[in-house]
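Q: Quick one, my_file23.pdb (PDB, C-alpha atoms):
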```pdb
ATOM      1  CA  MET D   1      29.679  65.094-197.783
ATOM      2  CA  LEU D   2      29.437  66.507-194.252
ATOM      3  CA  LEU D   3      31.498  69.435-192.963
ATOM      4  CA  TYR D   4      33.286  69.020-189.636
ATOM      5  CA  PRO D   5      34.677  72.272-188.211
ATOM      6  CA  ALA D   6      37.391  71.384-185.700
ATOM      7  CA  ILE D   7      37.836  72.616-182.140
ATOM      8  CA  ASP D   8      41.160  71.583-180.607
ATOM      9  CA  LEU D   9      41.456  72.073-176.845
ATOM     10  CA  MET D  10      44.454  72.611-174.581
ATOM     11  CA  SER D  11      43.990  73.856-171.009
ATOM     12  CA  GLY D  12      40.445  74.922-171.882
ATOM     13  CA  GLN D  13      41.632  77.081-174.770
ATOM     14  CA  VAL D  14      40.929  76.710-178.485
ATOM     15  CA  VAL D  15      44.264  76.131-180.206
ATOM     16  CA  ARG D  16      45.780  74.763-183.381
ATOM     17  CA  LEU D  17      49.041  72.867-183.647
ATOM     18  CA  ARG D  18      51.253  72.810-186.718
ATOM     19  CA  GLN D  19      51.873  69.203-187.798
ATOM     20  CA  GLY D  20      50.737  68.105-184.331
ATOM     21  CA  ARG D  21      53.658  69.728-182.515
ATOM     22  CA  ALA D  22      52.900  71.116-179.057
ATOM     23  CA  ASP D  23      55.692  73.666-179.468
ATOM     24  CA  GLN D  24      53.986  74.993-182.613
ATOM     25  CA  LYS D  25      50.781  76.144-180.897
ATOM     26  CA  THR D  26      48.537  79.072-181.737
ATOM     27  CA  VAL D  27      45.879  80.082-179.178
ATOM     28  CA  TYR D  28      42.673  81.470-180.662
ATOM     29  CA  SER D  29      40.242  81.737-177.748
ATOM     30  CA  SER D  30      39.482  80.881-174.144
ATOM     31  CA  ASP D  31      35.782  80.425-175.003
ATOM     32  CA  PRO D  32      35.319  77.140-176.909
ATOM     33  CA  ALA D  33      31.515  77.381-176.760
ATOM     34  CA  ALA D  34      31.598  80.668-178.672
ATOM     35  CA  PHE D  35      33.463  79.058-181.545
ATOM     36  CA  ALA D  36      31.081  76.085-181.406
ATOM     37  CA  ARG D  37      28.100  78.390-181.853
ATOM     38  CA  GLN D  38      29.864  80.235-184.660
ATOM     39  CA  TRP D  39      30.679  77.098-186.622
ATOM     40  CA  GLU D  40      27.125  75.822-186.196
ATOM     41  CA  ARG D  41      25.706  79.169-187.319
ATOM     42  CA  GLU D  42      27.959  79.232-190.379
ATOM     43  CA  GLY D  43      26.937  75.774-191.573
ATOM     44  CA  GLY D  44      28.889  73.018-189.838
ATOM     45  CA  ASP D  45      27.131  69.637-189.881
ATOM     46  CA  TRP D  46      29.098  68.252-186.897
ATOM     47  CA  LEU D  47      31.826  69.531-184.603
ATOM     48  CA  HIS D  48      35.103  67.623-184.404
ATOM     49  CA  ILE D  49      36.583  68.141-180.923
ATOM     50  CA  VAL D  50      40.054  67.011-179.872
ATOM     51  CA  ASP D  51      41.374  67.041-176.306
ATOM     52  CA  LEU D  52      45.038  67.626-177.135
ATOM     53  CA  ASP D  53      46.120  67.440-173.504
ATOM     54  CA  ALA D  54      44.656  63.950-173.332
ATOM     55  CA  SER D  55      46.279  62.984-176.641
ATOM     56  CA  PHE D  56      49.693  63.576-175.121
ATOM     57  CA  SER D  57      49.015  62.438-171.540
ATOM     58  CA  GLY D  58      46.298  59.797-171.932
ATOM     59  CA  THR D  59      44.209  61.569-169.256
ATOM     60  CA  GLN D  60      41.073  63.550-170.147
ATOM     61  CA  GLN D  61      41.550  67.158-169.078
ATOM     62  CA  ASN D  62      39.038  69.224-171.023
ATOM     63  CA  LEU D  63      35.682  67.563-170.345
ATOM     64  CA  GLU D  64      34.279  70.753-168.822
ATOM     65  CA  SER D  65      34.983  72.562-172.089
ATOM     66  CA  VAL D  66      33.542  69.647-174.063
ATOM     67  CA  ARG D  67      30.368  69.807-172.004
ATOM     68  CA  ALA D  68      30.151  73.568-172.610
ATOM     69  CA  ILE D  69      30.445  72.967-176.358
ATOM     70  CA  THR D  70      27.835  70.211-176.572
ATOM     71  CA  SER D  71      25.439  72.278-174.455
ATOM     72  CA  ALA D  72      25.886  75.311-176.708
ATOM     73  CA  VAL D  73      24.949  73.721-180.038
ATOM     74  CA  GLY D  74      22.261  71.596-181.617
ATOM     75  CA  ILE D  75      24.507  69.777-184.091
ATOM     76  CA  PRO D  76      26.235  66.550-183.004
ATOM     77  CA  CYS D  77      29.807  66.487-181.768
ATOM     78  CA  GLU D  78      32.544  63.869-181.845
ATOM     79  CA  LEU D  79      35.479  63.754-179.436
ATOM     80  CA  GLY D  80      38.954  62.328-179.713
ATOM     81  CA  GLY D  81      42.120  62.486-177.660
ATOM     82  CA  GLY D  82      43.261  60.106-174.954
ATOM     83  CA  ILE D  83      40.189  57.872-175.059
ATOM     84  CA  ARG D  84      41.840  54.581-174.181
ATOM     85  CA  ASP D  85      39.413  52.697-171.892
ATOM     86  CA  VAL D  86      35.682  52.166-171.397
ATOM     87  CA  GLU D  87      35.497  54.683-168.550
ATOM     88  CA  ALA D  88      36.875  57.419-170.802
ATOM     89  CA  ILE D  89      34.249  56.564-173.414
ATOM     90  CA  ARG D  90      31.492  56.801-170.828
ATOM     91  CA  ARG D  91      32.801  60.149-169.569
ATOM     92  CA  ALA D  92      32.872  61.488-173.115
ATOM     93  CA  LEU D  93      29.348  60.319-173.892
ATOM     94  CA  ASP D  94      28.145  61.715-170.559
ATOM     95  CA  ALA D  95      29.632  65.068-171.629
ATOM     96  CA  GLY D  96      27.204  65.035-174.544
ATOM     97  CA  VAL D  97      29.183  63.865-177.550
ATOM     98  CA  ALA D  98      27.512  61.629-180.108
ATOM     99  CA  ARG D  99      30.638  59.736-181.133
ATOM    100  CA  VAL D 100      34.041  58.999-179.624
ATOM    101  CA  ILE D 101      37.269  58.548-181.524
ATOM    102  CA  LEU D 102      39.704  55.815-180.558
ATOM    103  CA  GLY D 103      43.268  56.423-181.693
ATOM    104  CA  THR D 104      46.168  54.982-179.744
ATOM    105  CA  LYS D 105      44.013  52.260-178.192
ATOM    106  CA  ALA D 106      42.656  51.186-181.575
ATOM    107  CA  ALA D 107      46.170  50.807-182.931
ATOM    108  CA  GLU D 108      47.000  48.641-179.915
ATOM    109  CA  SER D 109      43.857  46.496-179.780
ATOM    110  CA  LEU D 110      41.288  45.844-182.474
ATOM    111  CA  GLU D 111      39.602  43.544-179.977
ATOM    112  CA  PHE D 112      38.883  46.612-177.843
ATOM    113  CA  VAL D 113      37.383  48.376-180.866
ATOM    114  CA  GLY D 114      35.033  45.464-181.422
ATOM    115  CA  GLU D 115      34.026  45.274-177.760
ATOM    116  CA  MET D 116      33.234  48.998-177.639
ATOM    117  CA  ALA D 117      31.271  48.876-180.892
ATOM    118  CA  ARG D 118      29.153  46.069-179.476
ATOM    119  CA  GLU D 119      28.636  47.853-176.166
ATOM    120  CA  PHE D 120      27.877  51.362-177.421
ATOM    121  CA  GLY D 121      26.893  50.813-181.076
ATOM    122  CA  ARG D 122      29.156  51.114-184.102
ATOM    123  CA  GLU D 123      27.693  54.530-184.946
ATOM    124  CA  ARG D 124      29.222  55.867-181.703
ATOM    125  CA  ILE D 125      32.687  54.409-182.245
ATOM    126  CA  ALA D 126      35.159  55.929-184.686
ATOM    127  CA  VAL D 127      38.815  55.100-185.151
ATOM    128  CA  GLY D 128      41.194  57.967-185.751
ATOM    129  CA  ILE D 129      44.189  57.033-187.874
ATOM    130  CA  ASP D 130      47.017  59.555-187.947
ATOM    131  CA  ALA D 131      49.671  58.676-190.477
ATOM    132  CA  LYS D 132      52.868  59.906-192.054
ATOM    133  CA  ASN D 133      54.027  58.276-195.272
ATOM    134  CA  GLY D 134      51.236  55.734-194.783
ATOM    135  CA  ILE D 135      52.455  54.622-191.340
ATOM    136  CA  VAL D 136      50.364  55.054-188.189
ATOM    137  CA  SER D 137      51.540  57.361-185.372
ATOM    138  CA  VAL D 138      50.042  57.370-181.860
ATOM    139  CA  LYS D 139      50.140  59.175-178.484
ATOM    140  CA  GLY D 140      49.716  62.658-179.922
ATOM    141  CA  TRP D 141      51.767  61.736-182.998
ATOM    142  CA  THR D 142      54.857  61.206-180.854
ATOM    143  CA  GLN D 143      55.320  57.482-181.594
ATOM    144  CA  GLU D 144      55.389  55.660-184.913
ATOM    145  CA  THR D 145      53.916  52.161-184.791
ATOM    146  CA  GLY D 146      55.124  50.623-188.029
ATOM    147  CA  GLN D 147      51.520  49.717-188.888
ATOM    148  CA  SER D 148      50.073  50.460-192.302
ATOM    149  CA  ALA D 149      47.308  53.072-192.086
ATOM    150  CA  LEU D 150      45.365  51.333-194.844
ATOM    151  CA  ASP D 151      45.523  47.964-193.105
ATOM    152  CA  LEU D 152      44.456  49.473-189.781
ATOM    153  CA  ALA D 153      41.496  51.220-191.415
ATOM    154  CA  VAL D 154      40.281  48.016-193.051
ATOM    155  CA  ASN D 155      40.748  45.917-189.933
ATOM    156  CA  ALA D 156      39.102  48.521-187.680
ATOM    157  CA  VAL D 157      35.968  48.532-189.837
ATOM    158  CA  LYS D 158      35.958  44.746-189.867
ATOM    159  CA  ALA D 159      36.244  44.824-186.069
ATOM    160  CA  GLY D 160      33.173  47.044-185.779
ATOM    161  CA  ALA D 161      34.121  50.702-186.093
ATOM    162  CA  GLY D 162      31.523  52.610-188.083
ATOM    163  CA  THR D 163      33.733  55.568-188.976
ATOM    164  CA  ILE D 164      37.390  56.095-189.819
ATOM    165  CA  ILE D 165      39.006  59.508-189.508
ATOM    166  CA  TYR D 166      42.168  59.648-191.596
ATOM    167  CA  THR D 167      44.661  62.422-190.860
ATOM    168  CA  ASP D 168      47.803  62.922-192.881
ATOM    169  CA  ILE D 169      50.307  64.349-190.386
ATOM    170  CA  ALA D 170      52.584  65.890-193.005
ATOM    171  CA  THR D 171      49.766  68.072-194.361
ATOM    172  CA  ASP D 172      48.036  68.916-191.061
ATOM    173  CA  GLY D 173      47.969  72.637-190.363
ATOM    174  CA  MET D 174      49.915  73.422-193.539
ATOM    175  CA  LEU D 175      46.881  74.615-195.578
ATOM    176  CA  GLN D 176      48.344  73.114-198.764
ATOM    177  CA  GLY D 177      45.612  70.530-199.278
ATOM    178  CA  PRO D 178      44.917  67.025-197.954
ATOM    179  CA  ASN D 179      46.758  63.938-199.110
ATOM    180  CA  PHE D 180      44.124  63.153-201.714
ATOM    181  CA  PRO D 181      45.658  59.954-203.175
ATOM    182  CA  GLU D 182      45.926  58.293-199.762
ATOM    183  CA  THR D 183      42.469  59.524-198.734
ATOM    184  CA  GLU D 184      41.023  58.017-201.902
ATOM    185  CA  ARG D 185      42.814  54.704-201.265
ATOM    186  CA  VAL D 186      41.530  54.383-197.707
ATOM    187  CA  ASN D 187      38.024  55.436-198.705
ATOM    188  CA  ALA D 188      37.874  52.919-201.546
ATOM    189  CA  ALA D 189      39.008  50.162-199.190
ATOM    190  CA  ILE D 190      36.514  50.704-196.368
ATOM    191  CA  VAL D 191      33.307  51.837-198.082
ATOM    192  CA  PRO D 192      32.586  48.361-199.517
ATOM    193  CA  LEU D 193      32.946  47.010-195.957
ATOM    194  CA  GLY D 194      30.267  49.397-194.645
ATOM    195  CA  GLY D 195      32.660  51.946-193.187
ATOM    196  CA  GLN D 196      32.571  55.691-193.708
ATOM    197  CA  LEU D 197      35.623  57.932-194.020
ATOM    198  CA  ILE D 198      36.209  61.455-192.745
ATOM    199  CA  ALA D 199      39.219  63.180-194.311
ATOM    200  CA  SER D 200      41.392  65.375-192.114
ATOM    201  CA  GLY D 201      44.533  67.449-192.448
ATOM    202  CA  GLY D 202      45.658  70.140-194.864
ATOM    203  CA  VAL D 203      42.435  71.868-195.946
ATOM    204  CA  GLY D 204      43.307  75.460-196.785
ATOM    205  CA  THR D 205      40.819  76.587-199.424
ATOM    206  CA  ALA D 206      37.238  75.983-200.470
ATOM    207  CA  GLU D 207      38.631  74.272-203.578
ATOM    208  CA  HIS D 208      40.277  71.646-201.371
ATOM    209  CA  VAL D 209      36.895  70.820-199.838
ATOM    210  CA  VAL D 210      35.212  70.676-203.233
ATOM    211  CA  ARG D 211      37.875  68.269-204.476
ATOM    212  CA  ALA D 212      37.343  66.095-201.403
ATOM    213  CA  ALA D 213      33.583  66.118-201.984
ATOM    214  CA  LYS D 214      34.150  64.661-205.438
ATOM    215  CA  ILE D 215      35.718  61.509-203.962
ATOM    216  CA  PRO D 216      32.939  58.906-204.372
ATOM    217  CA  SER D 217      31.120  58.182-201.094
ATOM    218  CA  LEU D 218      33.492  60.246-198.919
ATOM    219  CA  TYR D 219      31.466  60.816-195.755
ATOM    220  CA  GLY D 220      32.999  63.975-194.315
ATOM    221  CA  CYS D 221      35.824  66.497-194.252
ATOM    222  CA  ILE D 222      37.375  68.171-191.203
ATOM    223  CA  ILE D 223      38.313  71.837-191.505
ATOM    224  CA  GLY D 224      40.522  73.363-188.834
ATOM    225  CA  LYS D 225      43.267  75.934-189.171
ATOM    226  CA  ALA D 226      41.823  77.370-192.388
ATOM    227  CA  LEU D 227      38.713  78.508-190.513
ATOM    228  CA  TYR D 228      40.672  80.104-187.705
ATOM    229  CA  ASP D 229      43.140  81.796-190.057
ATOM    230  CA  LYS D 230      40.246  82.813-192.319
ATOM    231  CA  THR D 231      41.696  81.366-195.519
ATOM    232  CA  LEU D 232      38.170  80.101-196.149
ATOM    233  CA  SER D 233      34.703  80.384-194.620
ATOM    234  CA  LEU D 234      32.027  77.745-194.214
ATOM    235  CA  ALA D 235      29.640  79.964-196.185
ATOM    236  CA  GLU D 236      32.106  80.069-199.074
ATOM    237  CA  VAL D 237      32.530  76.305-198.916
ATOM    238  CA  ARG D 238      28.756  75.743-198.896
ATOM    239  CA  LYS D 239      28.351  77.997-201.924
ATOM    240  CA  GLN D 240      31.025  76.241-203.962
ATOM    241  CA  LEU D 241      29.737  72.798-203.006
ATOM    242  CA  SER D 242      26.230  73.730-204.152
ATOM    243  CA  VAL D 243      27.570  74.876-207.516
ATOM    244  CA  GLU D 244      30.135  72.151-208.226
ATOM    245  CA  CYS D 245      28.763  69.096-206.421
TER     246      CYS D 245
END
```
Could you render the structure from this file as structure tokens?
A:
Amino acid sequence: MLLYPAIDLMSGQVVRLRQGRADQKTVYSSDPAAFARQWEREGGDWLHIVDLDASFSGTQQNLESVRAITSAVGIPCELGGGIRDVEAIRRALDAGVARVILGTKAAESLEFVGEMAREFGRERIAVGIDAKNGIVSVKGWTQETGQSALDLAVNAVKAGAGTIIYTDIATDGMLQGPNFPETERVNAAIVPLGGQLIASGGVGTAEHVVRAAKIPSLYGCIIGKALYDKTLSLAEVRKQLSVEC
């Protein structure tokens, strides 16, 4: 299982939101590239970057910071947040990311997901599914769609997405552990279809990551607030994974 340290961007700063709420923001740094280098040095396999401004507005606003991050590290990066048309995908790829994450647009149009997978390659197209009580939320988690997260994951992989990123909104930023039962359900549904799942939301301890790694064929795990609040370290996670997995 791959480790995905997260870098969330607002106004060029590295921040974390509690349960996705813009009014529950903690600012950690005005130098995203420094954190990128740190997470690479400490053992991250990829970097998971989110343009939070774009998530809320639909307009990319942190590409300069994204470019600084991708230029600073040798590991691949993925980017999500406000990527809702082909031009936004091109801008993201031009900024150096290896994979883009479609969220709101994927929930609106699986046809678009398929078109983008054919144009850019399924390995470069991920679908981010943010859910509360199994129901998909979009536009920076401000709107509930009524769609089942499990159904969207299955249909997105069938449409051509190579990767699904599943975030449980209720656990995000709470450090109490991911929603393991739902993560296991989504993973079991998409792996036989050729999809790969990255779990996101709630990681607070190395034990949470180890438990995630024991889910059969789980592709990756995103770690955010726990790294910034130092409730775990990537070195600690690597050590426990080597012993227990």
Q: Would you kindly return, as a VMD selection string, each protein, DNA or RNA residue with an atom no farther than 12 Å from any atom of Ala68 in chain D, considering all atoms listed in the file and excluding same-chain residues fewer than 4 positions away?
A: chain D and resid 12 30 to 37 49 62 to 64 72 to 73 77 95 to 97
Q: Can you tell me, as JSON, the centre and edge lengths (Å, one decimal) of the axis-aligned box enclosing all of range 199-208 of chain D's listed atoms after padding each side by 5 Å?
A:
```
{"center_x": 41.4, "center_y": 69.9, "center_z": -197.8, "size_x": 18.4, "size_y": 23.4, "size_z": 21.5}
```
Q: Return as number ranges by chain the set of residues that the PyMOL selection byres ((chain D and resi 150) around 8) yields on the displayed structure.
A: D: 134, 148-149, 151-154, 185-186, 189
Q: Identify which of the residues D:Phe56, D:Trp46, D:Tyr4, D:Trp39 lies closest to Arg21 in chain D, counting all atoms listed in the file when measuring atom-to-atom distances.
A: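 Among D:Phe56, D:Trp46, D:Tyr4, D:Trp39, it is D:Phe56 that comes nearest to Arg21 in chain D.
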Q: Can you measure CA of Glu123 in chain D to CA of Lys225 in chain D for me? One decimal in Å is fine.
A: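 Between these atoms lies a distance of 26.8 Å.
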Q: In Å to one decimal, how far is CA of Asp94 in chain D from CA of Ile223 in chain D?
A: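 For CA of Ile223 in chain D relative to CA of Asp94 in chain D, the distance reads 25.4 Å.
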Q: Would you list the contacts of range 204-206 of chain D as a ChimeraX atom specification, taking every protein, DNA or RNA residue within 7 Å and counting only C-alpha atoms, but skipping same-chain residues closer than 5 positions in sequence?
A: /D:175-177,226,231-232,236-237
Q: What gap, in Å, lies between CA of Lys139 in chain D and CA of Val14 in chain D?
A: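 Interatomic distance here is 19.8 Å.
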Q: Quick one: residues within 8 Å of Gly43 in chain D, all atoms listed in the file counted, chain neighbours fewer than 2 positions away excluded, as a PDB file with C-alpha atoms, keeping the file's coordinate frame?
A:
```pdb
ATOM      1  CA  LEU D   3      31.498  69.435-192.963  1.00  0.00           C
ATOM      2  CA  TRP D  39      30.679  77.098-186.622  1.00  0.00           C
ATOM      3  CA  GLU D  40      27.125  75.822-186.196  1.00  0.00           C
ATOM      4  CA  ARG D  41      25.706  79.169-187.319  1.00  0.00           C
ATOM      5  CA  ASP D  45      27.131  69.637-189.881  1.00  0.00           C
ATOM      6  CA  LEU D 234      32.027  77.745-194.214  1.00  0.00           C
ATOM      7  CA  ALA D 235      29.640  79.964-196.185  1.00  0.00           C
ATOM      8  CA  ARG D 238      28.756  75.743-198.896  1.00  0.00           C
TER       9      ARG D 238
END
```
Q: Could you tell me which of D:Leu110, D:Val138, D:Val127, D:Leu2 comes closest to Ser57 in chain D if we count all atoms listed in the file?
A: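 Closest to Ser57 in chain D of all the choices is D:Val138.
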Q: List as a list in words the protein and nucleic acid residues near range 168-171 of chain D, meaning an atom at most 6 Å away when all atoms listed in the file are counted, but skip any in the same chain fewer than 4 places from it.
A: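 So, after excluding close chain neighbours, the residues are Gln19, Ala131, Lys132, Gly201 and Gly202 of chain D.
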Q: Got a sec: who's within 6 Å of Leu52 in chain D, counting all atoms listed in the file, leaving out chain neighbours fewer than 5 positions off, as a PyMOL selection string?
A: chain D and resi 9-10+81
Q: Hey, what comes out of the PyMOL selection byres ((chain D and resi 78) around 10) on this file? Could you write it as a list in words?
A: Tyr4, Ala6, Trp46, Leu47, His48, Ile49, Val50, Val66, Thr70, Pro76, Cys77, Leu79, Gly80, Ala92, Leu93, Gly96, Val97, Ala98, Arg99, Val100, Ile101, Arg124, Ile125 and Ala126 of chain D
Q: Since I can't run it myself right now, could you work out what the PyMOL selection byres ((chain D and resi 211) around 12) selects here and report it as a list of chain:residue names?
A: D:Met1, D:Gly177, D:Pro178, D:Asn179, D:Phe180, D:Pro181, D:Thr183, D:Glu184, D:Ala199, D:Val203, D:Gly204, D:Thr205, D:Ala206, D:Glu207, D:His208, D:Val209, D:Val210, D:Ala212, D:Ala213, D:Lys214, D:Ile215, D:Pro216, D:Leu218, D:Cys221, D:Val237, D:Gln240, D:Leu241, D:Glu244, D:Cys245
Q: Have a look at D:Thr142, D:Gln147, D:Gln24, D:Gln60 and name the one nearest to Asp85 in chain D; count only C-alpha atoms.
A: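 Counting only C-alpha atoms, the residue closest to Asp85 in chain D is D:Gln60.
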